[in-house]
$ cat model.csv   # CSV, C-alpha atoms
chain,number,residue,atom,x,y,z
T,10,MET,CA,-19.8,75.8,55.5
T,11,ILE,CA,-16.8,75.1,53.3
T,12,ARG,CA,-16.4,71.7,55.0
T,13,GLN,CA,-20.1,70.9,54.4
T,14,LYS,CA,-19.7,71.7,50.7
T,15,ILE,CA,-16.6,69.4,50.5
T,16,GLN,CA,-18.4,66.6,52.2
T,17,LEU,CA,-21.4,67.1,49.8
T,18,LYS,CA,-19.1,66.9,46.8
T,19,LYS,CA,-17.5,63.7,48.2
T,20,LEU,CA,-21.0,62.1,48.7
T,21,LEU,CA,-22.0,63.1,45.2
T,22,ALA,CA,-18.8,61.6,43.7
T,23,ILE,CA,-19.2,58.3,45.7
T,24,GLY,CA,-22.8,58.2,44.5
T,25,PHE,CA,-21.8,58.7,40.9
T,26,ILE,CA,-19.2,56.0,41.1
T,27,ALA,CA,-21.6,53.6,42.7
T,28,PHE,CA,-24.2,54.3,40.1
T,29,SER,CA,-21.7,53.8,37.4
T,30,LEU,CA,-20.6,50.5,38.8
T,31,PHE,CA,-24.1,49.4,39.1
T,32,SER,CA,-24.9,50.5,35.6
T,33,CYS,CA,-21.8,48.7,34.2
T,34,ASP,CA,-22.7,45.5,36.1
T,35,SER,CA,-26.3,45.6,34.8
T,36,ASN,CA,-25.1,46.2,31.3
T,37,GLN,CA,-22.7,43.3,31.6
T,38,LYS,CA,-25.4,41.0,32.9
T,39,GLU,CA,-27.6,42.0,30.0
T,40,LYS,CA,-24.8,41.3,27.6
T,41,SER,CA,-24.2,37.9,29.2
T,42,LYS,CA,-27.9,37.1,28.9
T,43,GLU,CA,-27.8,38.1,25.2
T,44,VAL,CA,-24.8,35.8,24.6
T,45,ALA,CA,-26.4,33.0,26.5
T,46,ASN,CA,-29.6,33.4,24.5
T,47,THR,CA,-27.9,33.7,21.2
T,48,PRO,CA,-28.1,30.4,19.3
T,49,LYS,CA,-24.7,28.6,18.9
T,50,GLU,CA,-23.5,28.2,15.4
T,51,GLU,CA,-23.8,24.5,14.7
T,52,THR,CA,-20.9,22.5,13.3
T,53,THR,CA,-21.5,21.6,9.7
T,54,LYS,CA,-22.5,18.0,9.6
T,55,ARG,CA,-20.8,15.7,7.0
T,56,GLU,CA,-23.6,14.6,4.6
T,57,ILE,CA,-23.6,11.8,2.0
T,58,TRP,CA,-21.7,13.1,-0.9
T,59,THR,CA,-23.7,14.4,-3.8
T,60,LYS,CA,-23.1,13.1,-7.3
T,61,LYS,CA,-21.0,16.2,-8.0
T,62,GLN,CA,-18.9,15.9,-4.9
T,63,ALA,CA,-18.3,12.2,-5.6
T,64,ASN,CA,-17.4,12.7,-9.2
T,65,ASP,CA,-15.2,15.7,-8.5
T,66,TRP,CA,-13.2,13.6,-6.0
T,67,TYR,CA,-12.9,10.7,-8.4
T,68,ALA,CA,-11.8,13.0,-11.3
T,69,ALA,CA,-8.7,13.8,-9.1
T,70,GLN,CA,-7.8,10.2,-8.6
T,71,PRO,CA,-5.8,7.8,-10.8
T,72,TRP,CA,-7.4,4.6,-12.1
T,73,TYR,CA,-7.2,2.4,-9.1
T,74,VAL,CA,-6.2,-1.2,-9.7
T,75,GLY,CA,-5.1,-3.4,-6.8
T,76,ALA,CA,-6.0,-6.3,-4.6
T,77,ASN,CA,-7.6,-7.3,-1.3
T,78,PHE,CA,-4.5,-7.6,0.8
T,79,ASN,CA,-3.7,-9.8,3.7
T,80,PRO,CA,0.0,-10.7,4.1
T,81,SER,CA,0.9,-14.3,3.3
T,82,THR,CA,2.0,-14.9,6.9
T,83,ALA,CA,-1.5,-14.0,8.3
T,84,ILE,CA,-4.5,-16.3,8.3
T,85,ASN,CA,-6.9,-13.5,9.0
T,86,GLN,CA,-7.4,-9.8,10.1
T,87,LEU,CA,-6.4,-10.5,13.7
T,88,GLU,CA,-3.2,-12.2,12.8
T,89,MET,CA,-2.3,-9.4,10.4
T,90,TRP,CA,-2.7,-6.6,13.0
T,91,GLN,CA,-2.0,-8.0,16.5
T,92,ALA,CA,1.4,-6.9,17.9
T,93,ASP,CA,2.9,-10.4,18.2
T,94,SER,CA,2.2,-11.2,14.5
T,95,PHE,CA,2.3,-7.8,12.8
T,96,ASP,CA,4.8,-8.6,10.0
T,97,THR,CA,6.1,-5.3,8.4
T,98,ALA,CA,8.9,-7.1,6.5
T,99,THR,CA,6.4,-9.3,4.7
T,100,ILE,CA,4.0,-6.4,4.1
T,101,ASP,CA,6.8,-4.3,2.7
T,102,LYS,CA,8.0,-7.1,0.4
T,103,GLU,CA,4.6,-8.1,-0.9
T,104,LEU,CA,3.4,-4.5,-1.5
T,105,GLY,CA,6.6,-4.0,-3.4
T,106,TRP,CA,5.7,-6.8,-5.8
T,107,ALA,CA,2.3,-5.2,-6.2
T,108,GLU,CA,3.9,-1.9,-7.1
T,109,GLU,CA,6.1,-3.5,-9.7
T,110,ILE,CA,3.1,-4.7,-11.7
T,111,GLY,CA,1.3,-1.3,-11.6
T,112,MET,CA,-1.0,-1.8,-8.6
T,113,ASN,CA,-1.7,1.4,-6.7
T,114,ALA,CA,-4.4,0.4,-4.2
T,115,MET,CA,-5.2,-2.2,-1.6
T,116,ARG,CA,-8.4,-3.2,0.3
T,117,VAL,CA,-7.5,-4.1,3.8
T,118,TYR,CA,-9.6,-5.5,6.6
T,119,LEU,CA,-9.6,-4.2,10.2
T,120,HIS,CA,-11.5,-5.8,13.2
T,121,ASP,CA,-13.4,-4.3,16.2
T,122,LEU,CA,-11.5,-6.6,18.6
T,123,LEU,CA,-8.2,-5.0,17.6
T,124,TYR,CA,-9.4,-1.6,18.9
T,125,LYS,CA,-10.8,-3.2,22.0
T,126,GLN,CA,-7.5,-5.0,22.7
T,127,ASP,CA,-5.1,-2.1,22.3
T,128,PRO,CA,-6.4,1.2,20.7
T,129,GLU,CA,-3.1,3.0,20.8
T,130,GLY,CA,-1.1,0.1,19.5
T,131,PHE,CA,-3.6,-0.6,16.8
T,132,PHE,CA,-3.5,2.9,15.5
T,133,LYS,CA,0.3,2.8,15.6
T,134,ARG,CA,0.4,-0.3,13.5
T,135,MET,CA,-2.1,1.1,11.1
T,136,ASP,CA,0.1,4.1,10.7
T,137,GLU,CA,3.2,1.8,10.1
T,138,TYR,CA,1.3,-0.1,7.5
T,139,LEU,CA,0.2,3.2,5.8
T,140,ALA,CA,3.8,4.4,5.7
T,141,ILE,CA,4.9,1.2,4.0
T,142,ALA,CA,2.0,1.3,1.5
T,143,ASP,CA,2.7,5.0,0.8
T,144,LYS,CA,6.3,4.2,0.1
T,145,HIS,CA,5.1,1.9,-2.6
T,146,HIS,CA,2.6,4.6,-3.9
T,147,ILE,CA,-0.3,2.5,-2.8
T,148,LYS,CA,-3.5,3.9,-1.2
T,149,THR,CA,-5.7,1.8,1.1
T,150,LEU,CA,-9.4,1.2,1.3
T,151,PHE,CA,-10.0,0.0,4.9
T,152,VAL,CA,-12.9,-2.3,5.8
T,153,LEU,CA,-14.4,-1.8,9.2
T,154,PHE,CA,-16.8,-4.8,9.6
T,155,ASP,CA,-17.3,-8.1,7.8
T,156,SER,CA,-20.1,-10.8,7.8
T,157,CYS,CA,-18.0,-13.5,6.2
T,158,TRP,CA,-16.7,-16.9,7.5
T,159,ASP,CA,-16.2,-17.7,11.2
T,160,PRO,CA,-18.7,-16.0,13.4
T,161,PHE,CA,-16.7,-16.6,16.6
T,162,PRO,CA,-13.5,-14.4,16.4
T,163,ALA,CA,-11.1,-14.5,19.4
T,164,LEU,CA,-8.0,-12.5,20.1
T,165,GLY,CA,-4.6,-14.1,20.7
T,166,THR,CA,-2.8,-16.8,18.8
T,167,GLN,CA,-4.9,-17.8,15.7
T,168,ARG,CA,-5.4,-21.4,14.7
T,169,ALA,CA,-3.3,-23.0,11.9
T,170,PRO,CA,-4.8,-23.2,8.5
T,171,LYS,CA,-6.9,-26.3,7.7
T,172,PRO,CA,-5.1,-28.1,4.9
T,173,HIS,CA,-6.3,-27.3,1.4
T,174,VAL,CA,-9.3,-25.2,2.6
T,175,HIS,CA,-10.2,-21.7,1.3
T,176,ASN,CA,-10.1,-19.0,4.0
T,177,SER,CA,-10.2,-21.6,6.8
T,178,GLY,CA,-9.4,-19.1,9.5
T,179,TRP,CA,-11.0,-15.8,8.4
T,180,VAL,CA,-13.3,-14.3,11.1
T,181,GLN,CA,-16.4,-12.1,11.2
T,182,SER,CA,-16.5,-8.6,12.7
T,183,PRO,CA,-18.4,-8.2,14.9
T,184,GLY,CA,-18.8,-11.7,16.0
T,185,GLN,CA,-22.1,-13.4,16.5
T,186,LYS,CA,-22.2,-12.9,20.3
T,187,VAL,CA,-21.6,-9.2,20.0
T,188,LEU,CA,-24.1,-8.8,17.1
T,189,GLN,CA,-26.8,-10.3,19.4
T,190,ASP,CA,-25.9,-8.1,22.3
T,191,SER,CA,-27.0,-4.5,21.8
T,192,THR,CA,-25.3,-3.5,25.0
T,193,GLN,CA,-22.0,-3.9,23.2
T,194,TYR,CA,-23.0,-1.6,20.3
T,195,SER,CA,-21.6,1.4,22.2
T,196,ARG,CA,-18.2,-0.3,22.0
T,197,LEU,CA,-18.6,-0.8,18.2
T,198,GLU,CA,-19.6,2.9,17.9
T,199,LYS,CA,-16.4,3.9,19.8
T,200,TYR,CA,-14.3,1.7,17.5
T,201,VAL,CA,-15.8,3.3,14.4
T,202,LYS,CA,-15.7,6.9,15.5
T,203,ALA,CA,-12.2,6.6,17.0
T,204,THR,CA,-10.7,4.8,14.0
T,205,VAL,CA,-12.3,7.0,11.3
T,206,GLY,CA,-11.7,10.1,13.4
T,207,HIS,CA,-8.0,9.4,14.0
T,208,PHE,CA,-7.4,9.0,10.2
T,209,ASN,CA,-10.2,11.3,8.8
T,210,ASN,CA,-7.8,13.5,6.8
T,211,ASP,CA,-5.1,11.0,6.0
T,212,GLU,CA,-4.4,11.3,2.3
T,213,ARG,CA,-2.9,7.8,2.3
T,214,ILE,CA,-6.4,6.4,2.8
T,215,LEU,CA,-8.5,6.0,-0.3
T,216,GLY,CA,-11.7,5.4,1.7
T,217,TRP,CA,-13.7,3.4,4.2
T,218,ASP,CA,-15.7,0.3,3.3
T,219,VAL,CA,-17.9,0.2,6.4
T,220,TRP,CA,-19.2,-3.4,6.1
T,221,ASN,CA,-18.2,-6.2,3.8
T,222,GLU,CA,-21.1,-8.3,2.4
T,223,PRO,CA,-23.4,-7.5,5.3
T,224,ASP,CA,-26.0,-10.0,4.2
T,225,ASN,CA,-23.7,-12.9,3.7
T,226,MET,CA,-24.9,-16.0,5.6
T,227,THR,CA,-21.6,-17.9,5.0
T,228,GLY,CA,-22.9,-20.7,2.8
T,229,PRO,CA,-21.8,-24.2,3.7
T,230,SER,CA,-18.8,-23.1,5.7
T,231,TYR,CA,-20.6,-22.0,8.9
T,232,GLU,CA,-24.3,-22.1,8.0
T,233,ALA,CA,-24.9,-24.7,10.7
T,234,VAL,CA,-24.0,-22.2,13.4
T,235,GLU,CA,-25.3,-18.9,11.9
T,236,ILE,CA,-28.3,-17.4,13.5
T,237,ALA,CA,-31.6,-17.0,11.6
T,238,ASN,CA,-32.0,-13.3,12.2
T,239,LYS,CA,-28.4,-12.3,11.4
T,240,LYS,CA,-29.4,-10.2,8.3
T,241,GLU,CA,-31.9,-8.3,10.3
T,242,LEU,CA,-29.5,-7.5,13.1
T,243,VAL,CA,-26.9,-6.4,10.6
T,244,TYR,CA,-29.4,-4.3,8.7
T,245,ASN,CA,-30.4,-2.5,11.8
T,246,LEU,CA,-26.8,-1.8,12.7
T,247,LEU,CA,-25.5,-0.9,9.3
T,248,GLY,CA,-27.3,2.4,9.0
T,249,GLN,CA,-25.9,3.4,12.4
T,250,VAL,CA,-22.4,2.5,11.3
T,251,PHE,CA,-22.6,4.8,8.3
T,252,GLU,CA,-23.8,7.6,10.7
T,253,TRP,CA,-21.0,6.9,13.2
T,254,ALA,CA,-18.3,7.0,10.4
T,255,ARG,CA,-19.8,10.1,8.8
T,256,SER,CA,-20.0,12.0,12.1
T,257,GLU,CA,-16.2,12.1,12.2
T,258,ASN,CA,-16.2,14.2,9.0
T,259,PRO,CA,-13.9,12.0,6.9
T,260,SER,CA,-12.4,13.6,3.8
T,261,GLN,CA,-12.4,10.1,2.3
T,262,PRO,CA,-15.5,8.5,0.9
T,263,LEU,CA,-17.7,5.9,2.6
T,264,THR,CA,-19.0,2.8,0.9
T,265,SER,CA,-20.4,-0.7,1.4
T,266,GLY,CA,-20.4,-3.1,-1.5
T,267,ILE,CA,-23.4,-5.0,-2.8
T,268,TRP,CA,-22.5,-8.5,-4.0
T,269,ILE,CA,-25.5,-10.6,-4.8
T,270,GLY,CA,-29.1,-10.3,-6.1
T,271,ASP,CA,-30.9,-8.5,-8.9
T,272,TRP,CA,-29.8,-4.8,-9.2
T,273,ALA,CA,-31.7,-4.0,-12.4
T,274,ASN,CA,-34.3,-1.9,-10.7
T,275,HIS,CA,-33.7,0.1,-7.5
T,276,ASP,CA,-37.3,-0.3,-6.3
T,277,THR,CA,-37.1,-4.1,-6.4
T,278,MET,CA,-33.7,-4.4,-4.8
T,279,GLU,CA,-33.3,-6.0,-1.4
T,280,LYS,CA,-33.6,-3.5,1.4
T,281,MET,CA,-30.0,-4.1,2.5
T,282,HIS,CA,-28.7,-3.2,-0.9
T,283,LYS,CA,-30.9,-0.1,-1.1
T,284,LEU,CA,-29.4,1.0,2.2
T,285,GLN,CA,-25.9,0.3,1.0
T,286,VAL,CA,-26.1,2.3,-2.2
T,287,THR,CA,-28.1,5.2,-0.8
T,288,GLN,CA,-25.7,5.7,2.2
T,289,SER,CA,-22.5,5.3,0.1
T,290,ASP,CA,-20.6,8.3,-1.1
T,291,VAL,CA,-19.2,6.1,-4.0
T,292,ILE,CA,-20.8,2.9,-5.1
T,293,SER,CA,-19.0,-0.4,-4.7
T,294,PHE,CA,-19.8,-3.9,-5.7
T,295,HIS,CA,-18.4,-7.5,-6.1
T,296,ASN,CA,-18.6,-9.7,-9.2
T,297,TYR,CA,-17.0,-13.1,-9.7
T,298,GLU,CA,-19.0,-14.0,-12.8
T,299,THR,CA,-18.3,-13.7,-16.6
T,300,PRO,CA,-17.1,-10.5,-18.3
T,301,GLU,CA,-20.6,-10.1,-19.9
T,302,ILE,CA,-22.3,-10.2,-16.6
T,303,PHE,CA,-19.7,-7.9,-15.1
T,304,GLU,CA,-20.5,-5.3,-17.8
T,305,THR,CA,-24.2,-5.7,-17.3
T,306,LYS,CA,-23.8,-5.0,-13.5
T,307,ILE,CA,-21.8,-1.9,-14.3
T,308,LYS,CA,-24.5,-0.5,-16.6
T,309,GLN,CA,-27.1,-1.2,-13.9
T,310,LEU,CA,-25.2,0.7,-11.3
T,311,GLN,CA,-24.4,3.7,-13.5
T,312,ARG,CA,-28.0,4.9,-12.8
T,313,TYR,CA,-26.7,6.3,-9.5
T,314,GLY,CA,-24.4,8.7,-11.2
T,315,LYS,CA,-21.5,8.1,-8.9
T,316,PRO,CA,-18.1,6.6,-9.2
T,317,LEU,CA,-18.0,2.8,-9.2
T,318,LEU,CA,-15.5,0.5,-7.4
T,319,CYS,CA,-15.4,-3.2,-8.0
T,320,THR,CA,-14.0,-4.2,-4.6
T,321,GLU,CA,-13.9,-8.0,-5.3
T,322,TYR,CA,-13.4,-10.0,-8.5
T,323,MET,CA,-11.1,-12.6,-10.1
T,324,ALA,CA,-12.0,-16.2,-9.7
T,325,ARG,CA,-10.3,-17.9,-12.7
T,326,PRO,CA,-12.5,-21.1,-13.0
T,327,ASN,CA,-15.6,-18.8,-13.0
T,328,GLY,CA,-14.4,-16.8,-16.0
T,329,SER,CA,-13.6,-13.8,-13.8
T,330,THR,CA,-10.1,-13.0,-14.9
T,331,PHE,CA,-7.8,-10.0,-15.3
T,332,GLN,CA,-7.7,-10.2,-19.1
T,333,GLY,CA,-11.5,-10.4,-19.2
T,334,PHE,CA,-12.4,-7.8,-16.6
T,335,LEU,CA,-9.8,-5.0,-16.7
T,336,PRO,CA,-10.5,-3.8,-20.2
T,337,ILE,CA,-14.2,-3.4,-19.4
T,338,ALA,CA,-13.3,-1.6,-16.2
T,339,LYS,CA,-11.0,0.7,-18.1
T,340,LYS,CA,-13.8,1.4,-20.6
T,341,TYR,CA,-16.2,2.5,-17.8
T,342,ASN,CA,-13.5,3.9,-15.4
T,343,VAL,CA,-14.3,1.4,-12.6
T,344,ALA,CA,-11.7,1.0,-9.8
T,345,MET,CA,-10.7,-2.7,-9.4
T,346,PHE,CA,-9.6,-4.8,-6.5
T,347,ASN,CA,-9.1,-8.5,-7.2
T,348,TRP,CA,-9.2,-11.0,-4.3
T,349,GLY,CA,-5.8,-12.0,-3.1
T,350,LEU,CA,-2.2,-11.0,-3.8
T,351,VAL,CA,0.2,-13.6,-2.5
T,352,ASP,CA,-0.4,-17.3,-1.8
T,353,GLY,CA,-0.2,-17.9,2.0
T,354,LYS,CA,-2.1,-18.9,5.1
T,355,SER,CA,-5.5,-17.8,3.8
T,356,GLN,CA,-5.2,-20.4,1.1
T,357,THR,CA,-7.5,-18.7,-1.3
T,358,LYS,CA,-5.9,-20.3,-4.3
T,359,TYR,CA,-8.3,-23.1,-3.4
T,360,PRO,CA,-11.9,-22.6,-4.5
T,361,TRP,CA,-14.9,-22.0,-2.3
T,362,ASP,CA,-16.1,-25.6,-2.7
T,363,SER,CA,-13.0,-26.8,-0.7
T,364,TRP,CA,-15.4,-26.5,2.3
T,365,THR,CA,-17.5,-29.4,0.8
T,366,LYS,CA,-15.1,-31.1,-1.5
T,367,THR,CA,-11.8,-32.7,-0.4
T,368,TYR,CA,-8.6,-31.4,-1.9
T,369,THR,CA,-5.3,-33.2,-1.3
T,370,ALA,CA,-3.1,-31.0,-3.4
T,371,GLU,CA,-2.9,-27.5,-5.0
T,372,PRO,CA,-5.6,-27.1,-7.6
T,373,GLU,CA,-4.5,-27.2,-11.2
T,374,GLU,CA,-6.0,-23.7,-11.7
T,375,TRP,CA,-5.7,-21.3,-8.9
T,376,PHE,CA,-8.9,-19.7,-7.7
T,377,HIS,CA,-7.4,-16.5,-6.4
T,378,GLU,CA,-3.9,-15.0,-5.8
T,379,VAL,CA,-1.4,-13.4,-8.1
T,380,PHE,CA,2.1,-14.4,-6.7
T,381,HIS,CA,3.8,-17.4,-5.2
T,382,THR,CA,5.4,-16.8,-1.8
T,383,ASP,CA,8.8,-16.2,-3.4
T,384,GLY,CA,7.4,-13.4,-5.5
T,385,THR,CA,7.2,-15.2,-8.8
T,386,PRO,CA,3.9,-14.7,-10.6
T,387,TYR,CA,1.4,-17.6,-10.8
T,388,LYS,CA,0.9,-16.6,-14.5
T,389,THR,CA,3.5,-14.2,-16.0
T,390,GLU,CA,1.0,-13.3,-18.8
T,391,GLU,CA,-1.4,-12.0,-16.1
T,392,THR,CA,1.1,-9.7,-14.3
T,393,GLU,CA,2.5,-8.4,-17.7
T,394,PHE,CA,-1.1,-7.7,-18.7
T,395,ILE,CA,-1.8,-5.8,-15.5
T,396,LYS,CA,1.4,-3.8,-15.8
T,397,LYS,CA,0.6,-2.9,-19.4
T,398,ILE,CA,-3.0,-1.8,-19.0
T,399,THR,CA,-2.4,0.2,-15.8
T,400,SER,CA,0.5,2.0,-17.4
T,401,GLU,CA,-1.6,2.9,-20.4
T,402,VAL,CA,-4.0,4.8,-18.2
T,403,ASN,CA,-2.0,6.1,-15.3
T,404,SER,CA,1.2,7.2,-17.2
T,405,LYS,CA,-0.8,9.8,-19.1
$ encode --input "model.csv" --output "structure tokens"
Amino acid sequence: MIRQKIQLKKLLAIGFIAFSLFSCDSNQKEKSKEVANTPKEETTKREIWTKKQANDWYAAQPWYVGANFNPSTAINQLEMWQADSFDTATIDKELGWAEEIGMNAMRVYLHDLLYKQDPEGFFKRMDEYLAIADKHHIKTLFVLFDSCWDPFPALGTQRAPKPHVHNSGWVQSPGQKVLQDSTQYSRLEKYVKATVGHFNNDERILGWDVWNEPDNMTGPSYEAVEIANKKELVYNLLGQVFEWARSENPSQPLTSGIWIGDWANHDTMEKMHKLQVTQSDVISFHNYETPEIFETKIKQLQRYGKPLLCTEYMARPNGSTFQGFLPIAKKYNVAMFNWGLVDGKSQTKYPWDSWTKTYTAEPEEWFHEVFHTDGTPYKTEETEFIKKITSEVNSK
């Protein structure tokens, strides 16, 4: 009888344990179902900056005055960045000259083929460049794509400059063949996301200019080989490029500069220009005309209520000069990047018409550039003026 009671107690205990285990397992499964069915918290998507976000960012910046920079030893973006021709000594020397006259920013072009060729090495060289620029207290606005000049870029040794011709070796990115082949767009997406993502919180970077002059058809230089639907192809890709870059949550602003056309009324602007300004965190533009036209363009773009960056200007024969433009830019707090720093293989001291007019010697008046290759200013009164006006603003 006692033995039966003991056995009964054992059976009851085993039953209780089994019930408990079953109950725990059921509860755990229910909890797992609850977790599985609970919506995941979505990662905050980086949106286009509001006017307040853009102006708060700009208020914390100095007045940026600098140049579009390509070292004098490079004919184009590929020669600047490829391992065999990456010239840190010249970059260091020339950015030092820029620092001496008060420049604190550079606009620098990248290229999709550089990432395709050697992603790791490309980023390493970008970091080396940024370290040099930072040593000279210079921030960089990187350009991802460009519709100007030669539509057939190729990696490797670049051709020698064509004597006396403005930008005789500059190349587009992406090239024409890639632009026409949508199967290669995934490679472009990878380039944008990887590049912006790698440097998305780098304080040495001022911002990302996602596409330079996207609707440029190259004029007489390459118009014979440009494709008729180039603008449409670029337009369809440009919106995606903004999205790709923004998806990497950059702390730096995105932009793409408008450069031609009538900007007086947003509704009547070209669709490319509408896309550029509405997708940009800060508004950028180019102007190579007179000081009066420059000021008019600024007033037109003020309607967007965002910071303004003039990312290309200064063509002396056109009336676009440092003395004419910088006081206006100072008045309206517009960041300024003239074309060219040091005379070199890009040969942009020659004018645009050197593609249709024969030059046999250096022009009497340089079109672009600030310094000779030995570091002496083309015009001392210009460099002294730049030094004076930048110190008036940024030393406060």
$ atom_distance --input "model.csv" --atom1 "CA of Gln288 (chain T)" --atom2 "CA of Thr305 (chain T)"
22.6 Å
$ residues_near_point --input "model.csv" --point "(1.7, 1.4, -0.4)" --cutoff "8 Å" --atoms "all atoms listed in the file" --output "MDAnalysis selection string"
chainID T and resid 104:105 108 113:115 139:149
$ closest_residue --input "model.csv" --among "T:Ser293, T:Met112, T:Lys133, T:Pro80" --to "Thr99 (chain T)" --atoms "only C-alpha atoms"
T:Pro80
$ atom_distance --input "model.csv" --atom1 "CA of Cys319 (chain T)" --atom2 "CA of Ile57 (chain T)"
19.8 Å
$ atom_distance --input "model.csv" --atom1 "CA of Gln309 (chain T)" --atom2 "CA of Ile292 (chain T)"
11.6 Å
$ residues_around --input "model.csv" --residues "Val187 (chain T)" --least-positions-apart "4" --cutoff "12 Å" --atoms "only C-alpha atoms" --output "PDB file with C-alpha atoms, in the coordinates of the input"
ATOM      1  CA  ASP T 121     -13.400  -4.300  16.200  1.00  0.00           C
ATOM      2  CA  LEU T 122     -11.500  -6.600  18.600  1.00  0.00           C
ATOM      3  CA  PRO T 160     -18.700 -16.000  13.400  1.00  0.00           C
ATOM      4  CA  PHE T 161     -16.700 -16.600  16.600  1.00  0.00           C
ATOM      5  CA  PRO T 162     -13.500 -14.400  16.400  1.00  0.00           C
ATOM      6  CA  ALA T 163     -11.100 -14.500  19.400  1.00  0.00           C
ATOM      7  CA  GLN T 181     -16.400 -12.100  11.200  1.00  0.00           C
ATOM      8  CA  SER T 182     -16.500  -8.600  12.700  1.00  0.00           C
ATOM      9  CA  PRO T 183     -18.400  -8.200  14.900  1.00  0.00           C
ATOM     10  CA  SER T 191     -27.000  -4.500  21.800  1.00  0.00           C
ATOM     11  CA  THR T 192     -25.300  -3.500  25.000  1.00  0.00           C
ATOM     12  CA  GLN T 193     -22.000  -3.900  23.200  1.00  0.00           C
ATOM     13  CA  TYR T 194     -23.000  -1.600  20.300  1.00  0.00           C
ATOM     14  CA  SER T 195     -21.600   1.400  22.200  1.00  0.00           C
ATOM     15  CA  ARG T 196     -18.200  -0.300  22.000  1.00  0.00           C
ATOM     16  CA  LEU T 197     -18.600  -0.800  18.200  1.00  0.00           C
ATOM     17  CA  LYS T 239     -28.400 -12.300  11.400  1.00  0.00           C
ATOM     18  CA  LEU T 242     -29.500  -7.500  13.100  1.00  0.00           C
ATOM     19  CA  VAL T 243     -26.900  -6.400  10.600  1.00  0.00           C
ATOM     20  CA  LEU T 246     -26.800  -1.800  12.700  1.00  0.00           C
TER      21      LEU T 246
END
$ closest_residue --input "model.csv" --among "T:Gly75, T:Gly184, T:Pro262, T:Pro360" --to "Val343 (chain T)" --atoms "all atoms listed in the file"
T:Gly75
$ closest_residue --input "model.csv" --among "T:Cys157, T:Met281, T:Val286, T:Ala254" --to "Thr227 (chain T)" --atoms "all atoms listed in the file"
T:Cys157
$ residues_around --input "model.csv" --residues "Asp65 (chain T)" --least-positions-apart "5" --cutoff "10 Å" --atoms "all atoms listed in the file" --output "number ranges by chain"
T: 59-60, 70, 315-316
$ residues_around --input "model.csv" --residues "region 369-383 of chain T" --least-positions-apart "4" --cutoff "8 Å" --atoms "all atoms listed in the file" --output "list of chain:residue names"
T:Ser81, T:His173, T:Met323, T:Ala324, T:Arg325, T:Pro326, T:Trp348, T:Gly349, T:Leu350, T:Val351, T:Asp352, T:Gly353, T:Thr357, T:Lys358, T:Tyr359, T:Pro360, T:Tyr387, T:Lys388, T:Thr392
$ residues_around --input "model.csv" --residues "Glu304 (chain T)" --least-positions-apart "5" --cutoff "12 Å" --atoms "all atoms listed in the file" --output "number ranges by chain"
T: 296-299, 309-311, 319, 329, 333-343
$ decode --input "model.csv" --residues "region 314-324 of chain T" --atoms "N, CA and C atoms" --output "PDB file, in the first residue's frame"
ATOM      1  N   GLY T 314      15.311  79.483 -50.425  1.00  0.00           N
ATOM      2  CA  GLY T 314      15.528  79.618 -48.991  1.00  0.00           C
ATOM      3  C   GLY T 314      16.617  78.739 -48.422  1.00  0.00           C
ATOM      4  N   LYS T 315      17.535  78.305 -49.285  1.00  0.00           N
ATOM      5  CA  LYS T 315      18.625  77.434 -48.841  1.00  0.00           C
ATOM      6  C   LYS T 315      19.981  78.089 -49.143  1.00  0.00           C
ATOM      7  N   PRO T 316      21.041  77.617 -48.483  1.00  0.00           N
ATOM      8  CA  PRO T 316      22.378  78.151 -48.768  1.00  0.00           C
ATOM      9  C   PRO T 316      22.733  78.020 -50.239  1.00  0.00           C
ATOM     10  N   LEU T 317      23.504  78.983 -50.744  1.00  0.00           N
ATOM     11  CA  LEU T 317      23.918  78.990 -52.145  1.00  0.00           C
ATOM     12  C   LEU T 317      25.423  78.788 -52.261  1.00  0.00           C
ATOM     13  N   LEU T 318      25.818  77.919 -53.203  1.00  0.00           N
ATOM     14  CA  LEU T 318      27.224  77.674 -53.501  1.00  0.00           C
ATOM     15  C   LEU T 318      27.436  77.913 -54.989  1.00  0.00           C
ATOM     16  N   CYS T 319      28.305  78.847 -55.324  1.00  0.00           N
ATOM     17  CA  CYS T 319      28.685  79.034 -56.729  1.00  0.00           C
ATOM     18  C   CYS T 319      29.897  78.142 -56.964  1.00  0.00           C
ATOM     19  N   THR T 320      29.669  77.003 -57.602  1.00  0.00           N
ATOM     20  CA  THR T 320      30.721  75.992 -57.700  1.00  0.00           C
ATOM     21  C   THR T 320      31.592  76.125 -58.947  1.00  0.00           C
ATOM     22  N   GLU T 321      31.278  77.099 -59.808  1.00  0.00           N
ATOM     23  CA  GLU T 321      32.186  77.457 -60.904  1.00  0.00           C
ATOM     24  C   GLU T 321      31.981  78.925 -61.265  1.00  0.00           C
ATOM     25  N   TYR T 322      33.093  79.643 -61.394  1.00  0.00           N
ATOM     26  CA  TYR T 322      33.080  81.019 -61.894  1.00  0.00           C
ATOM     27  C   TYR T 322      34.523  81.393 -62.233  1.00  0.00           C
ATOM     28  N   MET T 323      34.747  82.624 -62.692  1.00  0.00           N
ATOM     29  CA  MET T 323      36.045  83.216 -62.987  1.00  0.00           C
ATOM     30  C   MET T 323      36.568  82.824 -64.368  1.00  0.00           C
ATOM     31  N   ALA T 324      36.151  83.654 -65.335  1.00  0.00           N
ATOM     32  CA  ALA T 324      36.659  83.583 -66.707  1.00  0.00           C
ATOM     33  C   ALA T 324      36.962  85.030 -67.066  1.00  0.00           C
TER      34      ALA T 324
END
